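Structure first, then comments.
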Amino acid sequence: MNRHVMGVDLGSTTAKAVILDEHGRIVAREVVQMGAVSGDAMMDAKRRALADAGLTEAQIANTVATGYGRRMIDGASKSYTEITCHARGAAHMVPGVRLVIDIGGQDSKVIAVTSDGLVETFAMNDRCAGGTGKFLETLARSLEVPLEDMGAMALQAQAELAISSICATFAETEVISLLAEGSSKPDVAAAVHGSVARRTLGLVSRVGLRKPIAMTGGVARNAAAVRAIAKELGTEITVPPDPQIAGALGAALFALDALRVADQESEQAEEDRLSAVAIPGSDAPKCRPGSAGDDPAATIAPRATGPLARFIGQLSPSRREERKK
């Protein structure tokens, strides 16, 4: 029987796949960067994860999808929203977490999580690039630095600057002005991260501050962004290993839940089938083999017939009891 499940997350800029064994252990995970929502990238992430796990797709018992492009994914038995899956995945990676901050390529979201890892409430910014990975990418180009280097640059800042615009277009104008005034790139980069932090604070205020806090998504890999948000919130933030796979992990956990439920239903059906089998030759009520009524120590034996029945009938009660012994 196939005992592995897969969770897949097709986001706006990355495709993620996670494979779990029957005990909930991660046996493979894959993140594939892409320019936009791409079915090919999702197929690539699945193929790589399967290769890492030494499995074929036919050996995956159940697959659950999430993310922007979840409806584009073939072979998934079910799909869940990214809010639901990110909450479940983050709660699994950071036990006891009560607030999840997830900042991806095109949106940012803050999710209040119950003790069971379920969504209590959430706030989401998906209509503006402000405070998202796209915002950072746009301003990295203005600073003429690679996106992956901007966080490290911001950590070297010496002066505190402010970028007031949350709109990427207007913020880009501010960045150019600050550079023209002679501000250093590290100082401006830190100001960019401060803008992301203030945008995140606005989402947190809509949900309500809860602790502990975990941060997931691609921006969670940016140490400057994490530090700026923690400073704005006035509290520590935990970043789990592989923060980008939270959604895919949550989807995989839901796939594992469904597999376990199917196992239990199968076991119950088999138990019911056995309970309904009558012992041949017995006119006693149907019950489990080897039991009678409510007495687990009692057994049901087939009724004697033919010559044996006539012989027993000729015995006195006392001799019949001796015969039984």
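FYI, nothing fancy with the structure tokens labels: chains A, B, ... in order, residues from 1 per chain, ligands from 1 as they appear.
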
I'd like the neighbourhood of Asp116 of chain A as number ranges by chain, where a residue qualifies if any of its atoms comes within 10 Å (using only C-alpha atoms), though same-chain residues fewer than 2 positions away should be ignored.
A: 87-88, 91-92, 95-98, 113-114, 118-119

Output file for the selection above: C-alpha atoms, as a JSON list (two decimals), in the first residue's frame:
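Below you can see out_18.json, which holds the result:
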[["chain", "number", "residue", "atom", "x", "y", "z"],
["A", 87, "ALA", "CA", -1.58, 28.22, 9.16],
["A", 88, "ARG", "CA", -1.38, 24.42, 9.36],
["A", 91, "ALA", "CA", 1.81, 25.54, 13.36],
["A", 92, "HIS", "CA", 3.53, 22.25, 12.56],
["A", 95, "PRO", "CA", 4.51, 24.41, 17.79],
["A", 96, "GLY", "CA", 2.50, 26.82, 19.90],
["A", 97, "VAL", "CA", 2.57, 29.66, 17.36],
["A", 98, "ARG", "CA", -0.40, 32.05, 17.58],
["A", 113, "VAL", "CA", -3.89, 30.60, 14.67],
["A", 114, "THR", "CA", -5.67, 28.52, 17.32],
["A", 118, "LEU", "CA", -6.62, 26.28, 12.68],
["A", 119, "VAL", "CA", -7.32, 29.73, 11.28]]

Segment 245-269 of chain A residues near segment 28-31 of chain A within 9 Å, closest pair each, using only C-alpha atoms, as a Markdown table:
| residue | atom | partner | partner_atom | distance |
| --- | --- | --- | --- | --- |
| A:Ile245 | CA | A:Val31 | CA | 7.5 |
| A:Ala248 | CA | A:Arg29 | CA | 8.8 |
| A:Leu249 | CA | A:Arg29 | CA | 8.8 |

Using only C-alpha atoms, determine which residues lie at most 10 Å from His4 of chain A, disregarding the query and same-chain residues fewer than 6 positions distant; provide the list as a list in words.
Ile19, Leu20, Asp21, Glu22, His23, Gly24, Arg25, Ile26, Val27, Ala53, Leu55, Glu57, Gln59, Ile60, Ala61, Asn62, Thr63, Ala252, Ala255, Leu256 and Leu259 of chain A

Identify all residues of segment 30-275 of chain A in helix (DSSP H, G or I) (DSSP on the backbone) and supply them as number ranges by chain.
A: 39-53, 57-59, 70-72, 82-93, 133-143, 147-154, 168-180, 185-207, 218-221, 223-233, 243-275

Filtered DSSP result for segment 111-256 of chain A, state strand (DSSP E or B), as a ChimeraX atom specification:
/A:111-113,119-125,213-216,238

For the residues in that selection, give me all heavy atoms as a short mmCIF file (atom, residue, chain, number, x, y, z; two decimals), in the first residue's frame.
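The new file selection.cif reads:
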data_model
loop_
_atom_site.label_atom_id
_atom_site.label_comp_id
_atom_site.auth_asym_id
_atom_site.auth_seq_id
_atom_site.Cartn_x
_atom_site.Cartn_y
_atom_site.Cartn_z
N ILE A 111 -2.02 35.81 9.91
CA ILE A 111 -3.02 34.81 10.27
C ILE A 111 -2.96 34.53 11.76
O ILE A 111 -1.90 34.15 12.29
CB ILE A 111 -2.79 33.49 9.50
CG1 ILE A 111 -2.57 33.76 8.01
CG2 ILE A 111 -3.94 32.52 9.72
CD1 ILE A 111 -2.01 32.58 7.24
N ALA A 112 -4.08 34.69 12.45
CA ALA A 112 -4.18 34.29 13.85
C ALA A 112 -4.53 32.81 13.88
O ALA A 112 -5.46 32.37 13.20
CB ALA A 112 -5.25 35.11 14.56
N VAL A 113 -3.77 32.05 14.66
CA VAL A 113 -3.89 30.60 14.67
C VAL A 113 -4.33 30.11 16.05
O VAL A 113 -3.86 30.60 17.08
CB VAL A 113 -2.53 29.95 14.30
CG1 VAL A 113 -2.64 28.44 14.28
CG2 VAL A 113 -2.05 30.46 12.96
N VAL A 119 -7.23 28.30 11.50
CA VAL A 119 -7.32 29.73 11.28
C VAL A 119 -8.42 30.32 12.17
O VAL A 119 -9.57 29.89 12.13
CB VAL A 119 -7.62 30.05 9.81
CG1 VAL A 119 -7.78 31.55 9.61
CG2 VAL A 119 -6.52 29.52 8.91
N GLU A 120 -8.04 31.31 12.96
CA GLU A 120 -9.02 32.03 13.78
C GLU A 120 -9.53 33.26 13.03
O GLU A 120 -10.73 33.49 12.92
CB GLU A 120 -8.39 32.44 15.10
CG GLU A 120 -9.35 33.13 16.06
CD GLU A 120 -8.69 33.46 17.38
OE1 GLU A 120 -7.72 32.79 17.75
OE2 GLU A 120 -9.16 34.40 18.05
N THR A 121 -8.62 34.05 12.50
CA THR A 121 -8.94 35.20 11.67
C THR A 121 -7.69 35.58 10.90
O THR A 121 -6.59 35.12 11.22
CB THR A 121 -9.44 36.38 12.51
OG1 THR A 121 -9.86 37.44 11.63
CG2 THR A 121 -8.36 36.90 13.44
N PHE A 122 -7.83 36.43 9.89
CA PHE A 122 -6.66 36.81 9.09
C PHE A 122 -6.90 38.15 8.41
O PHE A 122 -8.04 38.61 8.27
CB PHE A 122 -6.32 35.74 8.06
CG PHE A 122 -7.30 35.66 6.92
CD1 PHE A 122 -7.08 36.36 5.73
CD2 PHE A 122 -8.45 34.88 7.02
CE1 PHE A 122 -7.99 36.29 4.68
CE2 PHE A 122 -9.36 34.80 5.98
CZ PHE A 122 -9.12 35.51 4.80
N ALA A 123 -5.80 38.76 7.98
CA ALA A 123 -5.84 39.97 7.17
C ALA A 123 -4.86 39.76 6.03
O ALA A 123 -3.80 39.16 6.22
CB ALA A 123 -5.46 41.20 7.99
N MET A 124 -5.22 40.27 4.86
CA MET A 124 -4.40 39.98 3.68
C MET A 124 -4.28 41.20 2.78
O MET A 124 -5.23 41.97 2.63
CB MET A 124 -5.04 38.82 2.91
CG MET A 124 -4.23 38.29 1.74
SD MET A 124 -5.01 36.79 1.07
CE MET A 124 -3.83 36.35 -0.20
N ASN A 125 -3.11 41.40 2.22
CA ASN A 125 -2.87 42.44 1.24
C ASN A 125 -2.54 41.76 -0.08
O ASN A 125 -1.44 41.26 -0.27
CB ASN A 125 -1.70 43.33 1.66
CG ASN A 125 -1.21 44.22 0.53
OD1 ASN A 125 -1.99 44.69 -0.28
ND2 ASN A 125 0.10 44.43 0.47
N ILE A 213 5.08 34.52 17.57
CA ILE A 213 4.90 34.88 16.17
C ILE A 213 5.91 34.11 15.32
O ILE A 213 7.08 33.99 15.69
CB ILE A 213 5.12 36.39 15.95
CG1 ILE A 213 4.13 37.20 16.82
CG2 ILE A 213 4.95 36.75 14.49
CD1 ILE A 213 4.38 38.70 16.76
N ALA A 214 5.44 33.60 14.21
CA ALA A 214 6.32 32.93 13.24
C ALA A 214 6.19 33.67 11.91
O ALA A 214 5.12 34.20 11.58
CB ALA A 214 5.94 31.47 13.07
N MET A 215 7.26 33.69 11.16
CA MET A 215 7.25 34.32 9.83
C MET A 215 7.60 33.29 8.78
O MET A 215 8.59 32.56 8.92
CB MET A 215 8.22 35.50 9.80
CG MET A 215 8.14 36.32 8.52
SD MET A 215 9.02 37.90 8.67
CE MET A 215 9.01 38.44 6.96
N THR A 216 6.80 33.24 7.73
CA THR A 216 7.02 32.29 6.64
C THR A 216 7.01 33.05 5.32
O THR A 216 6.82 34.25 5.27
CB THR A 216 5.94 31.20 6.63
OG1 THR A 216 4.65 31.82 6.45
CG2 THR A 216 5.93 30.42 7.94
N THR A 238 9.94 34.18 15.23
CA THR A 238 10.62 32.92 14.91
C THR A 238 10.51 32.64 13.42
O THR A 238 9.41 32.72 12.84
CB THR A 238 10.01 31.74 15.68
OG1 THR A 238 10.16 31.98 17.08
CG2 THR A 238 10.69 30.43 15.32
#

Extract, using only C-alpha atoms, all DNA, RNA and protein residues at most 8 Å from Ala168 of chain A, discarding same-chain residues fewer than 3 positions from it, and format them as a ChimeraX atom specification.
/A:129-130,135,138-139,165,171-172

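Checking A:Arg141, A:Arg48, A:Arg199, A:Arg260 one by one against Ala228 of chain A, counting only C-alpha atoms, you find the shortest gap at A:Arg199.
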
Please list as a list in words every residue within 6 Å of segment 173-190 of chain A, counting only C-alpha atoms and excluding residues in the same chain fewer than 5 positions away.
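The filter keeps Met153, Ala154, Gln156, Ala157 and Ala159 of chain A.
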
What is the distance, in Å and to one decimal place, between atom CA of Thr169 of chain A and atom CA of Asp107 of chain A?
16.1 Å

Considering only C-alpha atoms, state which residue in the set A:Met93, A:Val219, A:Ile83, A:Val64 is at the smallest distance from Leu136 of chain A.
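Closest candidate: A:Val219.
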